[in-house]
Protein chains: 2
Amino acid sequence: MKSGLAIKALGALAQEHRLEAFRRLVQAGADGLAAGALAEALGVPNSSLSFHLAQLTHAGLIVQQRVGRSLIYRADYAAMNGLVGYLMENC
Amino acid sequence: MKSGLAIKALGALAQEHRLEAFRRLVQAGADGLAAGALAEALGVPNSSLSFHLAQLTHAGLIVQQRVGRSLIYRADYAAMNGLVGYLMENC
DNA sequence: TTGATATTTCCACAAATATCGAATCAAGGG
DNA sequence: CCCTTGATTCGATATTTGTGGAAATATCAA
């Protein structure tokens, strides 16, 4: 991982709702979670969460898949490992 | 480490100049680096770097010590390990 | 096609962050 | 005491980020 991407990932996780959302996606594992379920769980309006999910997606930390009407989000473990690896190597 | 502090640390590292400054402080080891030396190395005005060092300090990632006219900054390895540990446990 | 559901995009606005010159503060030397 | 050096704080400004209602998009079911 190069530093530009690491900065994006760090910034994506450096926010209360996003860190919590990511944590829950990690716990949810391969099944992932629908955007709506996540919004309700976090007590955040849909539009706000959508913004945060976009940030996490843009940082490469989560991925999106449409299933029927729902958009399922999943944590990208490899990206997370890449970030931790970067921190351990460089810092 | 609890999530509030993790968010502060993530946010502190999620910036080009701060990540680079922290990286250099880690490499510098126990000797640390003076604020001025760091500012010159990064090519950032003193006042700007001072702002960034304050952010890193507030997040607990670095510590400050006055030596004569200079303020020496050092990376706090324990804090960094705490952050990585938090990420590995929770995410 | 109409309607219901799931979610995103748009918009406007509030709040936080980044930048950097100038003024200020601390410490040491002559 | 005065001057220089090293660094922070202040102040003004530009940029980015976060928020949430309303409108738009997508999918499915009847």
# chains A, B, ... in the order shown; residues from 1 in each chain; ligands from 1
$ closest_atom_pairs --of "chain A" --to "chain B" --cutoff "7 Å" --atoms "only C-alpha atoms" --output "JSON lines"
{"residue": "A:Ile7", "atom": "CA", "partner": "B:Ala14", "partner_atom": "CA", "distance": 4.7}
{"residue": "A:Lys8", "atom": "CA", "partner": "B:Ala14", "partner_atom": "CA", "distance": 6.9}
{"residue": "A:Leu10", "atom": "CA", "partner": "B:Ala14", "partner_atom": "CA", "distance": 5.0}
{"residue": "A:Gly11", "atom": "CA", "partner": "B:Ala14", "partner_atom": "CA", "distance": 4.8}
{"residue": "A:Leu13", "atom": "CA", "partner": "B:Leu10", "partner_atom": "CA", "distance": 6.8}
{"residue": "A:Ala14", "atom": "CA", "partner": "B:Ile7", "partner_atom": "CA", "distance": 4.7}
{"residue": "A:Gln15", "atom": "CA", "partner": "B:Ile7", "partner_atom": "CA", "distance": 6.1}
{"residue": "A:Glu16", "atom": "CA", "partner": "B:Ile7", "partner_atom": "CA", "distance": 6.9}
{"residue": "A:Arg23", "atom": "CA", "partner": "B:Cys91", "partner_atom": "CA", "distance": 5.3}
{"residue": "A:Val26", "atom": "CA", "partner": "B:Cys91", "partner_atom": "CA", "distance": 5.8}
{"residue": "A:Val84", "atom": "CA", "partner": "B:Val84", "partner_atom": "CA", "distance": 6.6}
{"residue": "A:Asn90", "atom": "CA", "partner": "B:Arg23", "partner_atom": "CA", "distance": 6.3}
{"residue": "A:Cys91", "atom": "CA", "partner": "B:Arg23", "partner_atom": "CA", "distance": 5.3}
$ closest_atom_pairs --of "chain D" --to "chain A" --cutoff "8 Å" --atoms "only C-alpha atoms (C1' of nucleotides)" --output "Markdown table"
| residue | atom | partner | partner_atom | distance |
| --- | --- | --- | --- | --- |
| D:DT19 | C1' | A:Ser48 | CA | 6.5 |
| D:DG20 | C1' | A:Ser48 | CA | 6.7 |
| D:DA26 | C1' | A:Arg69 | CA | 7.3 |
| D:DT27 | C1' | A:Arg69 | CA | 5.0 |
| D:DC28 | C1' | A:Arg69 | CA | 7.4 |
$ residues_around --residues "Ala41 in chain A" --least-positions-apart "4" --cutoff "9 Å" --atoms "only C-alpha atoms (C1' of nucleotides)" --output "PDB file with N, CA and C atoms, in the first residue's frame"
ATOM      1  N   ALA A  21     -19.489   1.753  11.635  1.00  0.00           N
ATOM      2  CA  ALA A  21     -20.056   1.030  10.498  1.00  0.00           C
ATOM      3  C   ALA A  21     -19.083  -0.042  10.014  1.00  0.00           C
ATOM      4  N   GLY A  36     -29.596  -0.037   4.725  1.00  0.00           N
ATOM      5  CA  GLY A  36     -30.673   0.348   5.628  1.00  0.00           C
ATOM      6  C   GLY A  36     -30.511  -0.229   7.016  1.00  0.00           C
ATOM      7  N   ALA A  37     -30.114  -1.495   7.079  1.00  0.00           N
ATOM      8  CA  ALA A  37     -29.917  -2.152   8.368  1.00  0.00           C
ATOM      9  C   ALA A  37     -28.821  -1.450   9.151  1.00  0.00           C
TER      10      ALA A  37
END
$ decode --residues "chain C" --atoms "C-alpha atoms (C1' of nucleotides)" --output "short mmCIF file (atom, residue, chain, number, x, y, z; two decimals), in the first residue's frame"
data_model
loop_
_atom_site.label_atom_id
_atom_site.label_comp_id
_atom_site.auth_asym_id
_atom_site.auth_seq_id
_atom_site.Cartn_x
_atom_site.Cartn_y
_atom_site.Cartn_z
"C1'" DT C 1 -48.50 0.41 -14.95
"C1'" DT C 2 -48.96 1.72 -10.32
"C1'" DG C 3 -47.28 1.42 -5.84
"C1'" DA C 4 -44.16 0.22 -2.17
"C1'" DT C 5 -39.46 -0.36 -0.63
"C1'" DA C 6 -34.35 0.44 -0.52
"C1'" DT C 7 -30.98 3.53 -1.35
"C1'" DT C 8 -28.53 7.19 -3.46
"C1'" DT C 9 -27.88 11.91 -5.16
"C1'" DC C 10 -28.79 16.80 -4.73
"C1'" DC C 11 -28.73 20.88 -2.16
"C1'" DA C 12 -27.91 24.19 1.29
"C1'" DC C 13 -25.76 25.06 5.27
"C1'" DA C 14 -22.97 24.43 9.65
"C1'" DA C 15 -18.68 23.01 11.52
"C1'" DA C 16 -14.03 21.49 11.42
"C1'" DT C 17 -9.49 21.60 9.16
"C1'" DA C 18 -5.46 23.45 6.68
"C1'" DT C 19 -2.56 27.26 5.43
"C1'" DC C 20 0.81 30.77 6.41
"C1'" DG C 21 2.45 35.60 7.46
"C1'" DA C 22 2.89 38.39 11.42
"C1'" DA C 23 3.07 38.98 16.23
"C1'" DT C 24 4.45 36.84 20.41
"C1'" DC C 25 6.95 33.96 23.74
"C1'" DA C 26 11.10 31.37 25.59
"C1'" DA C 27 16.08 30.71 26.05
"C1'" DG C 28 20.86 31.70 25.57
"C1'" DG C 29 24.99 34.65 24.42
"C1'" DG C 30 27.51 38.94 24.41
#
